[in-house]
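Enquirer: Just so it is clear, I am handing over start.txt, which has compact mmCIF, C-alpha atoms.
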```
# COMPACT_ATOMS: atom_id res chain seq x y z
CA MET Y 27 -51.47 23.33 40.41
CA ARG Y 28 -50.73 20.85 43.17
CA PRO Y 29 -52.41 20.61 46.59
CA VAL Y 30 -50.90 22.62 49.46
CA ALA Y 31 -51.11 22.11 53.23
CA ILE Y 32 -50.51 24.15 56.36
CA ILE Y 33 -48.01 22.27 58.52
CA GLY Y 34 -47.37 24.86 61.20
CA ALA Y 35 -49.25 27.75 62.77
CA GLY Y 36 -48.39 30.16 65.55
CA LYS Y 37 -49.37 33.57 66.79
CA THR Y 38 -48.66 35.95 69.60
CA PRO Y 39 -51.47 37.08 71.86
CA PHE Y 40 -53.11 40.25 70.49
CA GLY Y 41 -53.09 43.31 72.73
CA ALA Y 42 -51.05 46.34 73.76
CA PHE Y 43 -47.44 45.30 74.33
CA PRO Y 44 -45.25 48.36 75.02
CA GLY Y 45 -42.20 46.14 75.55
CA GLN Y 46 -42.33 44.48 72.13
CA ASP Y 47 -41.47 46.08 68.82
CA LEU Y 48 -42.75 45.09 65.39
CA ARG Y 49 -39.88 42.74 64.64
CA SER Y 50 -39.90 40.93 67.96
CA LEU Y 51 -43.64 40.25 67.57
CA ALA Y 52 -43.17 38.86 64.06
CA VAL Y 53 -40.19 36.75 65.13
CA ALA Y 54 -42.14 35.32 68.08
CA ALA Y 55 -44.99 34.21 65.79
CA GLY Y 56 -42.59 32.89 63.15
CA GLU Y 57 -40.67 30.82 65.70
CA LYS Y 58 -43.92 29.37 67.03
CA ALA Y 59 -45.02 28.39 63.51
CA LEU Y 60 -41.62 26.79 62.76
CA GLY Y 61 -41.70 24.88 66.05
CA ASN Y 62 -45.25 23.75 65.31
CA ALA Y 63 -44.10 22.49 61.89
CA HIS Y 64 -41.00 20.79 63.40
CA LEU Y 65 -38.85 22.72 60.92
CA GLU Y 66 -35.62 24.71 61.09
CA SER Y 67 -35.68 28.15 59.49
CA SER Y 68 -33.12 26.91 56.95
CA ALA Y 69 -35.88 24.75 55.40
CA ILE Y 70 -37.94 27.80 54.40
CA GLU Y 71 -37.51 28.69 50.71
CA ALA Y 72 -39.43 32.00 50.62
CA PHE Y 73 -40.91 34.46 53.11
CA PHE Y 74 -44.17 36.33 52.49
CA LEU Y 75 -45.01 39.14 54.91
CA GLY Y 76 -48.34 40.88 55.35
CA ASN Y 77 -48.10 44.33 56.93
CA PHE Y 78 -50.31 47.36 56.37
CA ALA Y 79 -48.50 50.37 57.75
CA GLY Y 80 -45.31 49.43 59.57
CA PRO Y 81 -43.44 52.41 58.09
CA GLU Y 82 -46.16 54.85 59.31
CA PHE Y 83 -46.55 53.24 62.75
CA THR Y 84 -42.87 52.56 63.48
CA ASN Y 85 -40.73 54.42 60.86
CA GLN Y 86 -39.17 51.11 59.79
CA ASN Y 87 -39.41 50.12 56.14
CA HIS Y 88 -38.01 47.18 54.11
CA LEU Y 89 -39.77 44.95 56.58
CA ALA Y 90 -39.71 41.50 54.97
CA PRO Y 91 -35.92 40.90 55.04
CA TYR Y 92 -35.75 42.86 58.32
CA ILE Y 93 -37.92 40.10 59.83
CA SER Y 94 -36.88 37.01 57.84
CA THR Y 95 -33.17 37.48 58.62
CA ALA Y 96 -34.03 37.85 62.32
CA LEU Y 97 -35.73 34.46 61.99
CA GLY Y 98 -32.47 33.02 60.62
CA MET Y 99 -33.56 32.95 56.98
CA THR Y 100 -30.97 34.46 54.68
CA GLY Y 101 -30.71 34.59 50.92
CA ILE Y 102 -34.35 33.66 50.23
CA PRO Y 103 -36.94 35.87 48.49
CA SER Y 104 -38.58 37.99 51.24
CA THR Y 105 -41.39 40.30 50.22
CA ARG Y 106 -43.93 42.47 52.00
CA PHE Y 107 -47.55 42.58 50.80
CA GLU Y 108 -49.75 45.58 51.54
CA ALA Y 109 -53.50 45.32 51.01
CA ALA Y 110 -54.82 47.31 53.99
CA CYS Y 111 -56.46 44.96 56.52
CA ALA Y 112 -56.15 42.10 54.02
CA SER Y 113 -52.35 42.39 53.83
CA SER Y 114 -51.53 38.99 55.29
CA GLY Y 115 -54.45 37.37 53.45
CA ALA Y 116 -52.87 38.63 50.24
CA ALA Y 117 -49.43 37.40 51.36
CA PHE Y 118 -50.97 33.98 52.07
CA PHE Y 119 -52.67 33.80 48.67
CA HIS Y 120 -49.39 34.51 46.88
CA ALA Y 121 -47.45 32.10 49.10
CA PHE Y 122 -50.03 29.44 48.23
CA LEU Y 123 -49.45 30.12 44.51
CA GLY Y 124 -45.70 29.73 45.00
CA VAL Y 125 -46.10 26.23 46.46
CA ALA Y 126 -49.06 25.17 44.28
CA SER Y 127 -47.10 26.08 41.14
CA GLY Y 128 -44.15 23.94 42.24
CA VAL Y 129 -41.67 26.83 42.54
CA TYR Y 130 -41.28 26.20 46.29
CA ASP Y 131 -41.90 23.20 48.54
CA THR Y 132 -41.87 25.01 51.90
CA VAL Y 133 -42.63 28.69 52.61
CA MET Y 134 -43.57 30.90 55.54
CA VAL Y 135 -46.31 33.53 55.60
CA ALA Y 136 -46.37 35.99 58.47
CA GLY Y 137 -48.49 38.99 59.31
CA VAL Y 138 -47.65 41.70 61.82
CA GLU Y 139 -48.78 45.12 62.98
CA LYS Y 140 -47.51 47.32 65.81
CA MET Y 141 -50.20 49.96 66.37
CA THR Y 142 -50.33 50.95 70.04
CA CYS Y 143 -47.12 52.98 69.81
CA GLN Y 144 -49.16 55.83 68.28
CA PRO Y 145 -51.93 57.91 69.91
CA THR Y 146 -55.49 57.07 68.78
CA PRO Y 147 -56.04 60.13 66.52
CA ARG Y 148 -52.83 59.27 64.66
CA VAL Y 149 -53.91 55.60 64.39
CA THR Y 150 -57.24 56.77 62.92
CA GLU Y 151 -55.35 58.90 60.42
CA ILE Y 152 -52.98 56.08 59.39
CA LEU Y 153 -55.90 53.67 58.97
CA SER Y 154 -57.79 56.18 56.83
CA GLY Y 155 -54.94 55.88 54.33
CA ALA Y 156 -56.67 52.65 53.23
CA GLY Y 157 -59.48 54.81 51.83
CA ASP Y 158 -59.37 57.19 48.86
CA CYS Y 159 -57.38 60.15 50.21
CA SER Y 160 -58.29 62.38 47.26
CA THR Y 161 -62.05 62.23 47.96
CA GLU Y 162 -63.68 60.44 50.91
CA VAL Y 163 -60.80 60.85 53.37
CA LYS Y 164 -60.37 64.53 52.46
CA ALA Y 165 -64.07 65.02 53.24
CA GLY Y 166 -63.52 63.74 56.79
CA SER Y 167 -64.35 60.04 56.39
CA THR Y 168 -62.71 57.76 58.92
CA PHE Y 169 -62.88 53.97 58.69
CA PRO Y 170 -65.65 53.75 61.27
CA SER Y 171 -67.56 56.37 59.28
CA LEU Y 172 -67.30 54.41 56.02
CA PHE Y 173 -68.73 51.31 57.71
CA ALA Y 174 -71.29 53.51 59.48
CA MET Y 175 -72.52 54.63 56.06
CA ILE Y 176 -72.72 50.97 54.99
CA ALA Y 177 -74.72 50.21 58.16
CA ARG Y 178 -77.13 53.10 57.55
CA ARG Y 179 -77.87 51.92 54.02
CA HIS Y 180 -78.17 48.27 55.09
CA MET Y 181 -80.67 49.31 57.77
CA HIS Y 182 -82.60 51.37 55.20
CA ASP Y 183 -82.70 48.64 52.54
CA PHE Y 184 -83.21 45.50 54.65
CA GLY Y 185 -84.59 46.53 58.04
CA THR Y 186 -81.39 45.68 59.89
CA THR Y 187 -81.59 47.23 63.37
CA ARG Y 188 -79.28 48.74 65.97
CA GLU Y 189 -80.02 45.64 68.09
CA HIS Y 190 -78.76 43.40 65.27
CA LEU Y 191 -75.42 45.24 65.25
CA ALA Y 192 -75.19 44.95 69.02
CA ALA Y 193 -75.93 41.21 68.82
CA VAL Y 194 -72.75 40.75 66.75
CA ALA Y 195 -70.68 42.50 69.43
CA VAL Y 196 -72.28 40.58 72.30
CA LYS Y 197 -71.67 37.23 70.58
CA ASN Y 198 -68.06 38.02 69.68
CA HIS Y 199 -67.26 39.27 73.18
CA ALA Y 200 -68.78 36.10 74.66
CA ASN Y 201 -66.46 34.01 72.47
CA GLY Y 202 -63.42 36.20 73.10
CA ALA Y 203 -63.94 35.94 76.86
CA LEU Y 204 -62.98 32.26 76.47
CA ASN Y 205 -59.90 32.93 74.32
CA PRO Y 206 -56.68 33.22 76.36
CA ASP Y 207 -54.99 35.08 73.46
CA ALA Y 208 -57.75 37.67 73.04
CA GLN Y 209 -57.16 41.35 73.79
CA MET Y 210 -60.52 42.00 75.44
CA ARG Y 211 -61.60 38.94 77.42
CA LYS Y 212 -64.82 40.44 78.65
CA ALA Y 213 -68.44 39.47 78.02
CA ILE Y 214 -70.79 42.42 77.43
CA THR Y 215 -74.58 42.79 77.61
CA LEU Y 216 -76.88 43.86 74.79
CA GLU Y 217 -77.64 47.02 76.75
CA GLN Y 218 -73.93 47.89 77.00
CA ALA Y 219 -73.43 47.21 73.29
CA MET Y 220 -76.40 49.44 72.42
CA ASN Y 221 -75.19 52.36 74.51
CA GLY Y 222 -71.47 52.69 73.85
CA LYS Y 223 -69.86 56.05 73.21
CA PRO Y 224 -70.78 57.20 69.66
CA VAL Y 225 -67.95 56.89 67.11
CA ALA Y 226 -69.71 57.42 63.76
CA GLU Y 227 -73.50 57.10 63.88
CA PRO Y 228 -75.03 54.54 64.01
CA LEU Y 229 -71.81 52.83 65.19
CA ASN Y 230 -70.54 53.15 68.75
CA LEU Y 231 -67.39 51.97 70.49
CA TYR Y 232 -68.77 48.42 70.84
CA ASP Y 233 -69.25 48.15 67.06
CA CYS Y 234 -65.55 48.79 66.40
CA SER Y 235 -62.60 46.42 66.51
CA LEU Y 236 -59.60 47.22 68.66
CA ILE Y 237 -56.23 48.90 68.20
CA SER Y 238 -53.74 46.09 68.67
CA ASP Y 239 -50.20 44.80 68.47
CA GLY Y 240 -49.69 41.25 67.32
CA ALA Y 241 -48.34 38.80 64.80
CA ALA Y 242 -49.28 35.46 63.27
CA ALA Y 243 -47.48 32.99 61.00
CA VAL Y 244 -48.11 29.78 59.10
CA VAL Y 245 -45.80 27.38 57.28
CA LEU Y 246 -47.03 25.91 53.99
CA CYS Y 247 -45.75 22.91 52.12
CA ALA Y 248 -46.71 20.68 49.22
CA ALA Y 249 -49.54 18.47 50.50
CA ASP Y 250 -47.83 15.22 49.49
CA ARG Y 251 -44.94 16.06 51.85
CA ALA Y 252 -47.03 17.36 54.75
CA ARG Y 253 -46.91 14.16 56.78
CA GLU Y 254 -43.09 14.27 56.80
CA PHE Y 255 -43.30 17.30 59.10
CA SER Y 256 -46.62 17.30 60.88
CA ASP Y 257 -48.97 14.71 62.31
CA LYS Y 258 -51.73 17.32 62.16
CA PRO Y 259 -51.49 18.99 58.74
CA VAL Y 260 -54.44 21.00 57.48
CA LYS Y 261 -55.47 21.08 53.81
CA ILE Y 262 -55.92 24.30 51.88
CA LEU Y 263 -59.11 23.38 50.00
CA GLY Y 264 -59.57 26.73 48.28
CA VAL Y 265 -58.16 30.25 48.34
CA ALA Y 266 -58.85 33.29 46.17
CA GLN Y 267 -58.28 37.04 46.18
CA ALA Y 268 -60.41 39.71 44.50
CA SER Y 269 -60.48 43.50 44.31
CA ASP Y 270 -62.84 46.44 43.84
CA HIS Y 271 -62.78 50.26 43.93
CA VAL Y 272 -61.04 51.78 46.96
CA ALA Y 273 -63.56 54.63 47.37
CA LEU Y 274 -66.89 53.62 48.89
CA ASP Y 275 -68.77 56.09 46.68
CA GLN Y 276 -67.57 54.27 43.56
CA LYS Y 277 -69.35 51.04 44.52
CA PRO Y 278 -72.80 50.79 42.92
CA ASP Y 279 -74.29 49.11 46.02
CA ILE Y 280 -72.52 49.51 49.36
CA THR Y 281 -74.60 46.87 51.16
CA THR Y 282 -72.65 44.12 49.39
CA PHE Y 283 -68.95 43.70 48.61
CA ALA Y 284 -68.20 42.60 45.05
CA ALA Y 285 -64.68 41.54 46.10
CA VAL Y 286 -66.07 39.23 48.79
CA ARG Y 287 -68.52 37.64 46.38
CA GLY Y 288 -65.79 37.31 43.74
CA ALA Y 289 -63.22 35.74 46.06
CA ALA Y 290 -65.84 33.44 47.59
CA GLN Y 291 -67.03 32.19 44.23
CA LYS Y 292 -63.48 31.29 43.19
CA ALA Y 293 -62.56 29.72 46.54
CA TYR Y 294 -65.75 27.63 46.55
CA ALA Y 295 -65.02 26.52 42.96
CA MET Y 296 -61.43 25.52 43.84
CA ALA Y 297 -62.70 23.52 46.83
CA GLY Y 298 -65.58 22.01 44.84
CA MET Y 299 -67.87 23.27 47.60
CA LYS Y 300 -70.79 25.56 48.21
CA ALA Y 301 -71.68 27.80 51.16
CA SER Y 302 -73.72 25.05 52.83
CA ASP Y 303 -70.62 22.80 52.98
CA ILE Y 304 -68.84 25.26 55.31
CA GLN Y 305 -69.15 24.23 58.97
CA PHE Y 306 -67.72 27.32 60.70
CA ALA Y 307 -66.10 30.61 59.76
CA GLU Y 308 -63.81 33.40 60.88
CA LEU Y 309 -65.14 36.60 59.28
CA HIS Y 310 -63.60 40.07 59.11
CA ASP Y 311 -65.63 41.91 61.75
CA CYS Y 312 -63.61 45.13 61.73
CA PHE Y 313 -67.04 46.61 62.51
CA THR Y 314 -70.21 44.74 63.50
CA ILE Y 315 -71.91 45.58 60.20
CA ALA Y 316 -68.98 44.03 58.30
CA GLU Y 317 -69.73 40.60 59.80
CA ILE Y 318 -73.38 40.92 58.77
CA VAL Y 319 -72.55 41.88 55.19
CA ALA Y 320 -69.84 39.19 54.94
CA MET Y 321 -72.12 36.32 55.97
CA GLU Y 322 -74.57 37.46 53.27
CA ASP Y 323 -71.91 37.83 50.56
CA LEU Y 324 -70.50 34.39 51.39
CA GLY Y 325 -73.96 32.87 50.92
CA PHE Y 326 -74.42 31.67 54.52
CA VAL Y 327 -77.72 33.58 54.66
CA PRO Y 328 -79.83 35.35 52.01
CA ARG Y 329 -79.11 39.04 51.37
CA GLY Y 330 -80.42 41.29 54.08
CA ARG Y 331 -80.85 38.48 56.62
CA GLY Y 332 -77.46 38.63 58.38
CA GLY Y 333 -78.65 40.82 61.23
CA PHE Y 334 -81.79 38.76 61.83
CA PHE Y 335 -79.81 35.49 61.72
CA THR Y 336 -77.35 36.89 64.28
CA ALA Y 337 -80.09 38.10 66.63
CA GLU Y 338 -81.70 34.63 66.43
CA GLY Y 339 -78.42 33.08 67.63
CA GLY Y 340 -77.50 31.46 64.31
CA THR Y 341 -73.86 32.55 64.51
CA ARG Y 342 -73.18 31.53 68.13
CA ARG Y 343 -70.92 28.56 68.86
CA ASP Y 344 -74.06 26.39 69.22
CA GLY Y 345 -75.76 27.98 66.20
CA ALA Y 346 -76.27 26.65 62.68
CA MET Y 347 -73.19 28.56 61.39
CA PRO Y 348 -70.72 29.46 64.14
CA ILE Y 349 -68.95 32.69 63.21
CA ASN Y 350 -65.87 34.07 64.97
CA ALA Y 351 -65.63 31.46 67.70
CA SER Y 352 -62.24 33.10 68.36
CA GLY Y 353 -63.92 36.34 69.43
CA GLY Y 354 -63.29 37.96 66.07
CA LEU Y 355 -61.45 41.20 65.46
CA LYS Y 356 -63.92 42.79 67.86
CA SER Y 357 -62.73 40.97 70.96
CA LYS Y 358 -59.60 39.08 69.93
CA GLY Y 359 -58.00 42.26 68.57
CA HIS Y 360 -57.13 43.59 65.11
CA PRO Y 361 -53.41 44.12 64.51
CA VAL Y 362 -54.29 44.98 60.92
CA GLY Y 363 -51.49 43.25 59.02
CA ALA Y 364 -51.64 40.14 61.23
CA THR Y 365 -55.39 39.60 61.00
CA GLY Y 366 -55.59 37.49 57.82
CA VAL Y 367 -53.04 34.90 58.95
CA GLY Y 368 -54.40 35.15 62.50
CA GLN Y 369 -57.81 34.00 61.21
CA LEU Y 370 -56.11 31.01 59.54
CA CYS Y 371 -54.40 30.11 62.84
CA ASP Y 372 -57.87 30.15 64.45
CA LEU Y 373 -59.25 27.80 61.77
CA VAL Y 374 -56.25 25.48 62.19
CA GLN Y 375 -56.79 25.42 65.96
CA GLN Y 376 -60.45 24.40 65.53
CA ILE Y 377 -59.69 21.79 62.86
CA ARG Y 378 -56.99 20.27 65.09
CA CYS Y 379 -59.41 20.24 68.08
CA GLU Y 380 -57.11 22.54 70.05
CA ALA Y 381 -59.58 25.37 70.77
CA GLY Y 382 -60.28 24.48 74.39
CA GLU Y 383 -63.53 25.90 75.73
CA ARG Y 384 -64.32 27.39 72.31
CA GLN Y 385 -63.98 24.04 70.49
CA LEU Y 386 -66.73 23.49 67.93
CA LYS Y 387 -68.20 20.06 67.28
CA ARG Y 388 -68.53 20.48 63.51
CA ASN Y 389 -64.95 21.49 62.80
CA SER Y 390 -63.69 19.75 59.68
CA VAL Y 391 -64.31 22.52 57.07
CA GLY Y 392 -63.72 26.16 58.00
CA LEU Y 393 -63.69 29.39 55.99
CA ALA Y 394 -61.79 32.63 56.64
CA GLN Y 395 -62.71 35.96 55.02
CA ASN Y 396 -60.16 38.77 55.22
CA LEU Y 397 -61.28 42.21 54.02
CA GLY Y 398 -59.13 45.21 53.08
CA GLY Y 399 -60.40 48.77 53.38
CA SER Y 400 -64.09 49.24 52.71
CA GLY Y 401 -64.03 46.17 50.46
CA ALA Y 402 -61.32 46.95 47.91
CA THR Y 403 -59.49 43.68 48.64
CA CYS Y 404 -60.85 40.38 49.86
CA VAL Y 405 -59.18 37.02 50.41
CA VAL Y 406 -61.33 33.96 51.10
CA THR Y 407 -59.69 30.73 52.28
CA ILE Y 408 -61.25 27.34 52.94
CA LEU Y 409 -59.31 24.91 55.13
CA GLY Y 410 -60.14 21.28 55.85
CA ALA Y 411 -59.04 18.31 57.93
CA TYR Y 412 -56.87 15.61 56.33
CA MET F 19 -75.19 74.24 41.70
CA ARG F 20 -75.49 70.44 41.50
CA THR F 21 -78.41 68.73 43.20
CA GLY F 22 -78.95 65.14 44.22
CA THR F 23 -80.34 62.65 46.73
CA VAL F 24 -78.69 61.41 49.92
CA TYR F 25 -77.63 57.77 49.36
CA THR F 26 -76.22 57.27 52.86
CA ASP F 27 -74.87 59.29 55.77
CA THR F 28 -73.10 59.23 59.11
CA VAL F 29 -72.30 61.70 61.87
CA VAL F 30 -68.64 61.47 62.88
CA HIS F 31 -67.83 61.85 66.59
CA ILE F 32 -64.21 60.61 66.67
CA ALA F 33 -61.96 62.12 64.02
CA PRO F 34 -58.28 62.48 63.18
CA GLU F 35 -56.58 65.58 64.56
CA ARG F 36 -57.06 67.68 61.43
CA PHE F 37 -60.86 67.31 61.68
CA ALA F 38 -61.10 67.24 65.48
CA ALA F 39 -62.37 70.84 65.66
CA ASP F 40 -65.32 69.93 63.38
CA VAL F 41 -66.88 67.08 65.42
CA PRO F 42 -69.64 66.12 65.37
CA TYR F 43 -69.91 66.53 61.58
CA GLN F 44 -72.06 64.81 59.00
CA VAL F 45 -70.56 62.99 56.00
CA VAL F 46 -72.79 61.89 53.12
CA ILE F 47 -72.61 60.03 49.85
CA VAL F 48 -74.88 61.92 47.47
CA LYS F 49 -76.27 60.43 44.28
CA LEU F 50 -76.18 63.44 41.96
CA ASP F 51 -78.91 63.93 39.40
CA ASP F 52 -76.48 62.93 36.61
CA GLY F 53 -76.23 59.48 38.28
CA SER F 54 -72.69 59.88 39.64
CA ARG F 55 -71.89 59.66 43.36
CA VAL F 56 -69.78 61.92 45.49
CA THR F 57 -68.72 61.98 49.15
CA GLY F 58 -69.12 65.32 50.90
CA ARG F 59 -69.99 67.19 54.06
CA VAL F 60 -73.32 68.59 55.18
CA GLU F 61 -73.77 72.14 56.37
CA GLY F 62 -76.74 73.30 58.40
CA GLU F 63 -79.60 70.96 59.15
CA ARG F 64 -78.81 67.22 59.34
CA VAL F 65 -79.98 65.13 56.39
CA ALA F 66 -81.18 61.53 56.04
CA ILE F 67 -81.28 58.91 53.27
CA ASP F 68 -83.53 59.98 50.35
CA ASP F 69 -83.42 63.69 51.30
CA ARG F 70 -82.92 66.06 48.39
CA VAL F 71 -79.79 68.20 48.72
CA GLU F 72 -78.08 71.02 46.86
CA GLU F 73 -74.35 71.64 46.61
CA THR F 74 -73.01 74.81 48.22
CA GLU F 75 -69.49 76.28 48.02
CA PRO F 76 -66.79 73.60 48.13
CA ARG F 77 -64.08 74.11 50.79
CA ASP F 78 -60.51 72.87 50.27
CA GLY F 79 -61.76 70.77 47.36
CA VAL F 80 -64.45 69.05 49.47
CA PRO F 81 -68.05 69.27 48.24
CA TYR F 82 -70.59 70.60 50.77
CA PHE F 83 -74.33 70.01 50.60
CA LYS F 84 -77.38 71.48 52.29
CA LYS F 85 -80.93 70.18 52.58
CA LEU F 86 -83.40 71.41 49.97
```
Could you write out this structure as structure tokens?

Expert:
Amino acid sequence: MRPVAIIGAGKTPFGAFPGQDLRSLAVAAGEKALGNAHLESSAIEAFFLGNFAGPEFTNQNHLAPYISTALGMTGIPSTRFEAACASSGAAFFHAFLGVASGVYDTVMVAGVEKMTCQPTPRVTEILSGAGDCSTEVKAGSTFPSLFAMIARRHMHDFGTTREHLAAVAVKNHANGALNPDAQMRKAITLEQAMNGKPVAEPLNLYDCSLISDGAAAVVLCAADRAREFSDKPVKILGVAQASDHVALDQKPDITTFAAVRGAAQKAYAMAGMKASDIQFAELHDCFTIAEIVAMEDLGFVPRGRGGFFTAEGGTRRDGAMPINASGGLKSKGHPVGATGVGQLCDLVQQIRCEAGERQLKRNSVGLAQNLGGSGATCVVTILGAY
Amino acid sequence: MRTGTVYTDTVVHIAPERFAADVPYQVVIVKLDDGSRVTGRVEGERVAIDDRVEETEPRDGVPYFKKL
């Protein structure tokens, strides 16, 4: 395997964009990433697309060539990856392998989702397809309810409180308020976060990420060629993907995700790093409890301490381990298939010192954790400055 | 009927259309006495973690439980 770098990154704002369809979003992000890499589309040798449910949301299938040809790429391998909310994380991992193995020198990874074209009950139904439809979904489980059951058990086992969950939402909204590309640029109080409309107890509206349209893209190339294209390349220090049962009731302990621990262990090993070497992170806060569990599984805090650490301010931009300085899925938005690559764009922005008011001081090693379903897929990526 | 212990639970307030008439409804993961786990619904009184429950008649292939 040879080292690989990110030489271009670009994403659309996340939000509700009635005037833009799935393809135009993906093309906008792809063009930004190409421009950022100072490359023509003809230089791209393969296209990897992450998308969860384009066919269900928009009726369009065969999405990878549908998008790559619109970007001016013809003849190259173009493939869609589906791994629920980790779809573009999975696309990125496989794109990395393609360059690391020497098969390609230059590839593009994009992620896209167009969700707001469907009414909320239909969105809930489409998203629940990432669970086990023969058991938990048939019984009436929605995605919020699966994470609500994780929260209940985490509270029972470790003393995590409703206030701890709210503290995640308050912190992520405070960060998102400073992000011009975020969907919900609004700070909220602890009291608001505690008293949102119930969704699935103990989770309320403020514990849940948003329904969003959006796209993100990155261009990868062999690290030894990165300087030919970019004066600000970013190194991929480690990346790994792992899996677990789809059904929540098949996991022996739902307060920890085996796929997160597995992917983290491999990504840390590839980077030659440990949790304490990570300076900041973008974690998959599809629900507030997910951020708490993720920081524990990644080894940032001991098991059961994620909620306490958050309430003490440890994950704020001025904390010991800044988490989701972008605003996270909670405030930035969660166009499912775009989220994994979107997180990488956020890391790149921090590492390049381009994050404006959200810029972190310790910004040379960042980690992104992209989760699919209730933990059946996880991709962990560690990026670093050159 | 199978019996077990509530491993975790939630009460769903926002549901897809096909379950909209049922809200609010309680979903549980029950650890059955044989050690296996199953996701089901609760009928009657609400249950909490560690409560003992008994299976009642399944509906449309979905297990239902009630508090013992």

Enquirer: Give me, as an mmCIF file with C-alpha atoms, in the frame of the given file, the contact residues of chain F against chain Y at a cut-off of 6 Å, counting only C-alpha atoms.

Expert:
```cif
data_model
loop_
_atom_site.group_PDB
_atom_site.id
_atom_site.type_symbol
_atom_site.label_atom_id
_atom_site.label_comp_id
_atom_site.auth_asym_id
_atom_site.auth_seq_id
_atom_site.Cartn_x
_atom_site.Cartn_y
_atom_site.Cartn_z
ATOM 1 C CA THR F 26 -76.220 57.270 52.860
ATOM 2 C CA ASP F 27 -74.870 59.290 55.770
ATOM 3 C CA THR F 28 -73.100 59.230 59.110
ATOM 4 C CA VAL F 29 -72.300 61.700 61.870
ATOM 5 C CA VAL F 30 -68.640 61.470 62.880
ATOM 6 C CA HIS F 31 -67.830 61.850 66.590
ATOM 7 C CA ILE F 32 -64.210 60.610 66.670
ATOM 8 C CA PRO F 34 -58.280 62.480 63.180
ATOM 9 C CA GLU F 35 -56.580 65.580 64.560
ATOM 10 C CA ARG F 55 -71.890 59.660 43.360
ATOM 11 C CA THR F 57 -68.720 61.980 49.150
ATOM 12 C CA GLY F 58 -69.120 65.320 50.900
ATOM 13 C CA VAL F 80 -64.450 69.050 49.470
#
```

Enquirer: Quick one, how far is CA of Lys258 in chain Y from CA of Glu383 in chain Y?

Expert: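 Going from CA of Lys258 in chain Y over to CA of Glu383 in chain Y, I get 19.9 Å.
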
Enquirer: List as number ranges by chain: which residues have an atom within 6 Å of (-66.6, 31.2, 66.5), counting all atoms listed in the file?

Expert: Y: 343, 348-352

Enquirer: For a test of reading the model, state the distance in Å between CA of Ala290 in chain Y and CA of Ala266 in chain Y, rounded to one decimal.

Expert: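 Taking CA of Ala290 in chain Y and CA of Ala266 in chain Y, their separation equals 7.1 Å.
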
Enquirer: Just to confirm, what's the straight-line distance from CA of Ala63 in chain Y to CA of Ala242 in chain Y in Å (one decimal)?

Expert: 14.0 Å

Enquirer: Hey, which of Y:Arg251, Y:Gly45, Y:Lys356, Y:Tyr130 ends up closest to Ala203 in chain Y? Count only C-alpha atoms.

Expert: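 So, comparing all the options, the nearest one is Y:Lys356.
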
Enquirer: Which neighbours of Ile262 in chain Y fall inside 6 Å, counting all atoms listed in the file, when residues of the same chain fewer than 4 positions from it are skipped, and could you give them as an MDAnalysis selection string?

Expert: chainID Y and resid 30:31 409

Enquirer: Identify the residues within 12 Å of coordinate (-76.0, 46.4, 71.4) (same frame as the file), considering all atoms listed in the file, and give the answer as a compact mmCIF listing (two decimals) with C-alpha atoms, keeping the file's coordinate frame.

Expert:
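To be explicit, this is the file written out as part26.txt:
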```txt
# COMPACT_ATOMS: atom_id res chain seq x y z
CA THR Y 187 -81.59 47.23 63.37
CA ARG Y 188 -79.28 48.74 65.97
CA GLU Y 189 -80.02 45.64 68.09
CA HIS Y 190 -78.76 43.40 65.27
CA LEU Y 191 -75.42 45.24 65.25
CA ALA Y 192 -75.19 44.95 69.02
CA ALA Y 193 -75.93 41.21 68.82
CA VAL Y 194 -72.75 40.75 66.75
CA ALA Y 195 -70.68 42.50 69.43
CA VAL Y 196 -72.28 40.58 72.30
CA LYS Y 197 -71.67 37.23 70.58
CA ASN Y 198 -68.06 38.02 69.68
CA HIS Y 199 -67.26 39.27 73.18
CA ILE Y 214 -70.79 42.42 77.43
CA THR Y 215 -74.58 42.79 77.61
CA LEU Y 216 -76.88 43.86 74.79
CA GLU Y 217 -77.64 47.02 76.75
CA GLN Y 218 -73.93 47.89 77.00
CA ALA Y 219 -73.43 47.21 73.29
CA MET Y 220 -76.40 49.44 72.42
CA ASN Y 221 -75.19 52.36 74.51
CA GLY Y 222 -71.47 52.69 73.85
CA LYS Y 223 -69.86 56.05 73.21
CA PRO Y 228 -75.03 54.54 64.01
CA LEU Y 229 -71.81 52.83 65.19
CA ASN Y 230 -70.54 53.15 68.75
CA LEU Y 231 -67.39 51.97 70.49
CA TYR Y 232 -68.77 48.42 70.84
CA ASP Y 233 -69.25 48.15 67.06
CA CYS Y 234 -65.55 48.79 66.40
CA THR Y 314 -70.21 44.74 63.50
CA ILE Y 315 -71.91 45.58 60.20
CA GLY Y 333 -78.65 40.82 61.23
CA THR Y 336 -77.35 36.89 64.28
CA ALA Y 337 -80.09 38.10 66.63
```

Enquirer: Residues at most 12 Å from Ala121 in chain Y, counting all atoms listed in the file, excluding those fewer than 2 positions away in the same chain, as a ChimeraX atom specification?

Expert: /Y:30-32,70-76,103-107,114-119,123-136,243-248,262,265-266,367

Enquirer: Hey, which of F:Met19, F:Val60, F:Ala33, F:Val71 ends up closest to Val46 in chain F? Count all atoms listed in the file.

Expert: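 Comparing F:Met19, F:Val60, F:Ala33, F:Val71 against Val46 in chain F, the winner is F:Val60.
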
Enquirer: Considering only C-alpha atoms, state which residue in the set F:Ala66, F:Gly22, F:Glu72, F:Glu61 is at the smallest distance from Val48 in chain F.

Expert: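 That would be F:Gly22, the residue with the smallest distance to Val48 in chain F.
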